[in-house]
Structures are given as C-alpha cells and as structure tokens.
Amino acid sequence: MSDKIKFEQEYLLKTSPKVLNNMLMTPSGLSEWFADDVNIKEDIYTFIWDGSEEQARLLTKRPNESIKFRWLEDEEEGLNTYIELKFKVDGMTKEIVLWVTGFAYEDEMEEIQDLWENAIGDLKRVLGA
C-alpha cells in the first residue's frame with residue numbers, strides 16, 4: 001500500500017487559550033468533542049468511539065501551544081505519521097487559530113478530512129464559538 005499523505009486544516013475559534021488548552025490536553029476535554037471517552041496510561045491515550053478503541057502514543061505536549069500523537073497501528077507499521085493539534089492567538093483579531101495536521105491514504109483523504117471538520121464543529125459547539 002502507498003504511503004499516507006500529509007494534510008493540514010485551519011480553523012478560527014472564538015475562545016480563550018486556557019479553555020482551548022483544557023479541551024485539547026486533558027482526557028475530560030478530549031472526551032467532550034473528540035471521542036466518547038479518553039483514558040491515559042503513561043504515554044498511551046486510548047480513544048473510545050461507539051465501543052471501539054484506538055490507541056495513540058503521545059509524542060509531544062506543549063501546554064498552550066500543541067499536542068501531537070501517533071496512532072499505535074501506524075507505529076507498528078513503521079509509518080512516520082502523526083496527528084498534531086496546534087494553536088496560537090492571532091495578534092490582530094485575538095481569535096485563536098487552530099491547525100490540525102494529520103495523515104491519510106489518498107483513497108481515505110476526503111473521509112478523514114470530513115471527520116476532522118465534524119470533530120472541530122463539535123469542538124466549536126462545546127466552546128460556544
């Protein structure tokens with residue numbers, strides 16, 4: 001199978017960095033918009049959706065800046081892929097710019113990008129943004 005292709009999506013959010021940091025960096029925050037439930041053991045995050053589980057290794061976590069994971073399935077296949085959620089405050093508008101970077105196979109790209117659009121839509125609803 002061919003390699004996964006990198007993608008990046010950008011979103012503007014009207015919230016505080018502190019609130020967004022909590023939504024991206026904590027299991028309780030992630031379970032409000034990204035997954036039904038999130039558990040952490042050491043550097044392994046277990047994301048639960050509709051009874052199925054996916055696990056990811058935490059690669060980096062920079063409070064008030066970014067968090068980066070690698071799905072264990074990709075790690076086992078030797079893929080150098082990741083999911084990164086990175087944000088900063090726009091100096092002019094004071095809105096927060098959130099970048100989602102991830103990887104998908106070409107034939108899954110549209111579906112994965114749509115999943116992120118829906119997830120960020122859920123995040124915006126939870127934030128009231």
# chains A, B, ... in the order shown; residues from 1 in each chain; ligands from 1

$ select_by_dssp --residues "region 2-110 of chain A" --states "strand (DSSP E or B)" --output "PyMOL selection string"
chain A and resi 5-13+37-41+44-49+52-62+66-71+83-89+96-104

$ closest_atom_pairs --of "region 41-102 of chain A" --to "region 6-19 of chain A" --cutoff "9 Å" --atoms "only C-alpha atoms" --output "CSV"
residue,atom,partner,partner_atom,distance
A:Asn64,CA,A:Pro17,CA,6.4
A:Glu65,CA,A:Pro17,CA,8.8
A:Thr81,CA,A:Lys6,CA,8.1
A:Phe87,CA,A:Pro17,CA,8.4
A:Lys88,CA,A:Pro17,CA,7.8
A:Val89,CA,A:Pro17,CA,7.5
A:Lys94,CA,A:Lys14,CA,8.3
A:Glu95,CA,A:Lys14,CA,5.4
A:Ile96,CA,A:Leu13,CA,5.1
A:Val97,CA,A:Leu12,CA,4.8
A:Leu98,CA,A:Tyr11,CA,5.1
A:Trp99,CA,A:Glu10,CA,4.5
A:Val100,CA,A:Gln9,CA,5.2
A:Thr101,CA,A:Glu8,CA,4.4
A:Gly102,CA,A:Phe7,CA,5.5

$ write_last_selection --atoms "N, CA, C and O atoms" --output "short mmCIF file (atom, residue, chain, number, x, y, z; two decimals), in the first residue's frame"
data_model
loop_
_atom_site.label_atom_id
_atom_site.label_comp_id
_atom_site.auth_asym_id
_atom_site.auth_seq_id
_atom_site.Cartn_x
_atom_site.Cartn_y
_atom_site.Cartn_z
N ASN A 64 -0.61 25.22 26.07
CA ASN A 64 -0.91 26.49 25.41
C ASN A 64 -0.28 26.61 24.03
O ASN A 64 -0.07 27.71 23.52
N GLU A 65 0.05 25.47 23.42
CA GLU A 65 0.66 25.51 22.09
C GLU A 65 0.24 24.33 21.21
O GLU A 65 -0.36 24.52 20.17
N THR A 81 3.94 8.94 10.85
CA THR A 81 2.77 9.80 10.76
C THR A 81 2.41 10.31 12.15
O THR A 81 2.92 9.81 13.16
N PHE A 87 -2.14 25.49 18.23
CA PHE A 87 -2.91 26.73 18.21
C PHE A 87 -2.10 27.91 18.70
O PHE A 87 -1.13 27.75 19.43
N LYS A 88 -2.53 29.10 18.24
CA LYS A 88 -1.96 30.35 18.74
C LYS A 88 -2.99 31.45 18.56
O LYS A 88 -3.91 31.35 17.74
N VAL A 89 -2.82 32.52 19.33
CA VAL A 89 -3.73 33.66 19.26
C VAL A 89 -3.27 34.57 18.12
O VAL A 89 -2.10 34.92 18.03
N LYS A 94 -7.39 38.60 17.70
CA LYS A 94 -7.49 37.97 19.03
C LYS A 94 -8.23 36.64 18.99
O LYS A 94 -8.51 36.04 20.02
N GLU A 95 -8.56 36.16 17.78
CA GLU A 95 -9.14 34.83 17.65
C GLU A 95 -8.01 33.81 17.75
O GLU A 95 -6.84 34.13 17.53
N ILE A 96 -8.38 32.60 18.05
CA ILE A 96 -7.39 31.53 18.11
C ILE A 96 -7.40 30.79 16.78
O ILE A 96 -8.46 30.43 16.26
N VAL A 97 -6.23 30.60 16.24
CA VAL A 97 -6.07 29.80 15.02
C VAL A 97 -5.65 28.41 15.46
O VAL A 97 -4.67 28.25 16.18
N LEU A 98 -6.43 27.41 15.05
CA LEU A 98 -6.14 26.01 15.36
C LEU A 98 -5.79 25.30 14.06
O LEU A 98 -6.54 25.38 13.08
N TRP A 99 -4.63 24.65 14.04
CA TRP A 99 -4.22 23.85 12.90
C TRP A 99 -4.30 22.39 13.27
O TRP A 99 -3.80 21.98 14.32
N VAL A 100 -4.93 21.61 12.42
CA VAL A 100 -4.98 20.15 12.56
C VAL A 100 -4.11 19.58 11.45
O VAL A 100 -4.36 19.84 10.27
N THR A 101 -3.09 18.84 11.83
CA THR A 101 -2.22 18.18 10.86
C THR A 101 -2.35 16.68 11.06
O THR A 101 -2.30 16.20 12.20
N GLY A 102 -2.53 15.96 9.98
CA GLY A 102 -2.64 14.52 10.07
C GLY A 102 -2.22 13.87 8.76
O GLY A 102 -1.73 14.54 7.84
#

$ residues_around --residues "region 25-30 of chain A" --least-positions-apart "4" --cutoff "10 Å" --atoms "only C-alpha atoms" --output "MDAnalysis selection string"
chainID A and resid 19:21 34:40 45:47 61:68 85 123 126

$ closest_residue --among "A:Glu117, A:Glu54, A:Asp3, A:Asp90" --to "Leu72 (chain A)" --atoms "only C-alpha atoms"
A:Glu54

$ select_by_dssp --residues "region 17-90 of chain A" --states "alpha helix (DSSP H)" --output "PyMOL selection string"
chain A and resi 17-25+27-33+72-76

$ write_last_selection --atoms "C-alpha atoms" --output "tab-separated table (two decimals), in the first residue's frame"
chain	number	residue	atom	x	y	z
A	17	PRO	CA	-6.33	29.88	25.14
A	18	LYS	CA	-6.88	28.47	28.65
A	19	VAL	CA	-10.23	26.91	27.73
A	20	LEU	CA	-8.92	25.52	24.43
A	21	ASN	CA	-5.82	24.17	26.14
A	22	ASN	CA	-8.07	22.19	28.50
A	23	MET	CA	-10.15	20.85	25.59
A	24	LEU	CA	-7.04	19.61	23.73
A	25	MET	CA	-4.74	18.49	26.53
A	27	PRO	CA	-8.91	13.37	28.76
A	28	SER	CA	-12.06	15.09	30.01
A	29	GLY	CA	-11.67	17.88	27.45
A	30	LEU	CA	-10.99	15.47	24.57
A	31	SER	CA	-13.99	13.34	25.56
A	32	GLU	CA	-16.27	16.37	25.20
A	33	TRP	CA	-15.66	16.72	21.46
A	72	LEU	CA	-0.16	2.74	17.53
A	73	GLU	CA	-1.37	0.99	14.38
A	74	ASP	CA	0.74	3.37	12.27
A	75	GLU	CA	3.67	2.98	14.67
A	76	GLU	CA	3.51	-0.83	14.33

$ decode --residues "region 92-103 of chain A" --atoms "all heavy atoms" --output "mmCIF file, in the first residue's frame"
data_model
loop_
_atom_site.group_PDB
_atom_site.id
_atom_site.type_symbol
_atom_site.label_atom_id
_atom_site.label_comp_id
_atom_site.auth_asym_id
_atom_site.auth_seq_id
_atom_site.Cartn_x
_atom_site.Cartn_y
_atom_site.Cartn_z
ATOM 1 N N MET A 92 -3.887 40.216 15.578
ATOM 2 C CA MET A 92 -4.786 41.262 15.086
ATOM 3 C C MET A 92 -6.224 41.046 15.555
ATOM 4 O O MET A 92 -6.853 41.950 16.062
ATOM 5 C CB MET A 92 -4.749 41.315 13.558
ATOM 6 C CG MET A 92 -3.387 41.611 12.996
ATOM 7 S SD MET A 92 -3.168 43.229 12.291
ATOM 8 C CE MET A 92 -4.536 43.454 11.226
ATOM 9 N N THR A 93 -6.744 39.818 15.349
ATOM 10 C CA THR A 93 -8.168 39.575 15.623
ATOM 11 C C THR A 93 -8.429 39.063 17.033
ATOM 12 O O THR A 93 -9.569 39.061 17.480
ATOM 13 C CB THR A 93 -8.731 38.538 14.637
ATOM 14 O OG1 THR A 93 -8.092 37.276 14.889
ATOM 15 C CG2 THR A 93 -8.528 38.967 13.199
ATOM 16 N N LYS A 94 -7.386 38.600 17.703
ATOM 17 C CA LYS A 94 -7.487 37.973 19.030
ATOM 18 C C LYS A 94 -8.228 36.644 18.987
ATOM 19 O O LYS A 94 -8.506 36.044 20.016
ATOM 20 C CB LYS A 94 -8.134 38.907 20.066
ATOM 21 C CG LYS A 94 -7.392 40.211 20.253
ATOM 22 C CD LYS A 94 -5.972 39.993 20.696
ATOM 23 C CE LYS A 94 -5.247 41.317 20.875
ATOM 24 N NZ LYS A 94 -3.816 41.197 20.812
ATOM 25 N N GLU A 95 -8.558 36.161 17.783
ATOM 26 C CA GLU A 95 -9.138 34.833 17.655
ATOM 27 C C GLU A 95 -8.007 33.813 17.746
ATOM 28 O O GLU A 95 -6.844 34.133 17.534
ATOM 29 C CB GLU A 95 -9.853 34.671 16.314
ATOM 30 C CG GLU A 95 -11.132 35.447 16.215
ATOM 31 C CD GLU A 95 -11.837 35.201 14.893
ATOM 32 O OE1 GLU A 95 -11.170 35.227 13.842
ATOM 33 O OE2 GLU A 95 -13.059 35.007 14.922
ATOM 34 N N ILE A 96 -8.382 32.595 18.051
ATOM 35 C CA ILE A 96 -7.394 31.526 18.108
ATOM 36 C C ILE A 96 -7.401 30.788 16.780
ATOM 37 O O ILE A 96 -8.459 30.427 16.264
ATOM 38 C CB ILE A 96 -7.677 30.564 19.269
ATOM 39 C CG1 ILE A 96 -7.490 31.300 20.591
ATOM 40 C CG2 ILE A 96 -6.785 29.333 19.186
ATOM 41 C CD1 ILE A 96 -7.726 30.470 21.808
ATOM 42 N N VAL A 97 -6.228 30.599 16.235
ATOM 43 C CA VAL A 97 -6.072 29.804 15.022
ATOM 44 C C VAL A 97 -5.649 28.405 15.457
ATOM 45 O O VAL A 97 -4.665 28.245 16.177
ATOM 46 C CB VAL A 97 -5.008 30.418 14.078
ATOM 47 C CG1 VAL A 97 -4.903 29.592 12.801
ATOM 48 C CG2 VAL A 97 -5.329 31.876 13.758
ATOM 49 N N LEU A 98 -6.426 27.405 15.050
ATOM 50 C CA LEU A 98 -6.139 26.008 15.360
ATOM 51 C C LEU A 98 -5.791 25.298 14.057
ATOM 52 O O LEU A 98 -6.537 25.383 13.084
ATOM 53 C CB LEU A 98 -7.358 25.333 15.997
ATOM 54 C CG LEU A 98 -7.274 23.819 16.204
ATOM 55 C CD1 LEU A 98 -6.210 23.461 17.231
ATOM 56 C CD2 LEU A 98 -8.634 23.261 16.613
ATOM 57 N N TRP A 99 -4.632 24.651 14.041
ATOM 58 C CA TRP A 99 -4.217 23.853 12.897
ATOM 59 C C TRP A 99 -4.305 22.388 13.273
ATOM 60 O O TRP A 99 -3.798 21.976 14.320
ATOM 61 C CB TRP A 99 -2.773 24.152 12.491
ATOM 62 C CG TRP A 99 -2.569 25.514 11.933
ATOM 63 C CD1 TRP A 99 -2.746 25.925 10.639
ATOM 64 C CD2 TRP A 99 -2.127 26.667 12.655
ATOM 65 N NE1 TRP A 99 -2.447 27.259 10.526
ATOM 66 C CE2 TRP A 99 -2.061 27.745 11.745
ATOM 67 C CE3 TRP A 99 -1.787 26.899 13.993
ATOM 68 C CZ2 TRP A 99 -1.664 29.015 12.117
ATOM 69 C CZ3 TRP A 99 -1.402 28.167 14.368
ATOM 70 C CH2 TRP A 99 -1.343 29.210 13.438
ATOM 71 N N VAL A 100 -4.935 21.606 12.419
ATOM 72 C CA VAL A 100 -4.979 20.153 12.562
ATOM 73 C C VAL A 100 -4.110 19.582 11.450
ATOM 74 O O VAL A 100 -4.360 19.843 10.270
ATOM 75 C CB VAL A 100 -6.416 19.611 12.433
ATOM 76 C CG1 VAL A 100 -6.414 18.085 12.455
ATOM 77 C CG2 VAL A 100 -7.310 20.180 13.515
ATOM 78 N N THR A 101 -3.085 18.839 11.833
ATOM 79 C CA THR A 101 -2.219 18.182 10.859
ATOM 80 C C THR A 101 -2.345 16.679 11.060
ATOM 81 O O THR A 101 -2.296 16.204 12.199
ATOM 82 C CB THR A 101 -0.747 18.608 11.040
ATOM 83 O OG1 THR A 101 -0.671 20.035 10.955
ATOM 84 C CG2 THR A 101 0.141 17.994 9.975
ATOM 85 N N GLY A 102 -2.531 15.963 9.981
ATOM 86 C CA GLY A 102 -2.643 14.518 10.069
ATOM 87 C C GLY A 102 -2.222 13.873 8.758
ATOM 88 O O GLY A 102 -1.729 14.545 7.844
ATOM 89 N N PHE A 103 -2.418 12.579 8.691
ATOM 90 C CA PHE A 103 -2.031 11.805 7.517
ATOM 91 C C PHE A 103 -3.146 10.828 7.179
ATOM 92 O O PHE A 103 -3.799 10.293 8.069
ATOM 93 C CB PHE A 103 -0.749 11.010 7.790
ATOM 94 C CG PHE A 103 0.470 11.866 7.961
ATOM 95 C CD1 PHE A 103 0.713 12.523 9.157
ATOM 96 C CD2 PHE A 103 1.365 12.020 6.919
ATOM 97 C CE1 PHE A 103 1.841 13.316 9.322
ATOM 98 C CE2 PHE A 103 2.497 12.812 7.075
ATOM 99 C CZ PHE A 103 2.731 13.459 8.275
#
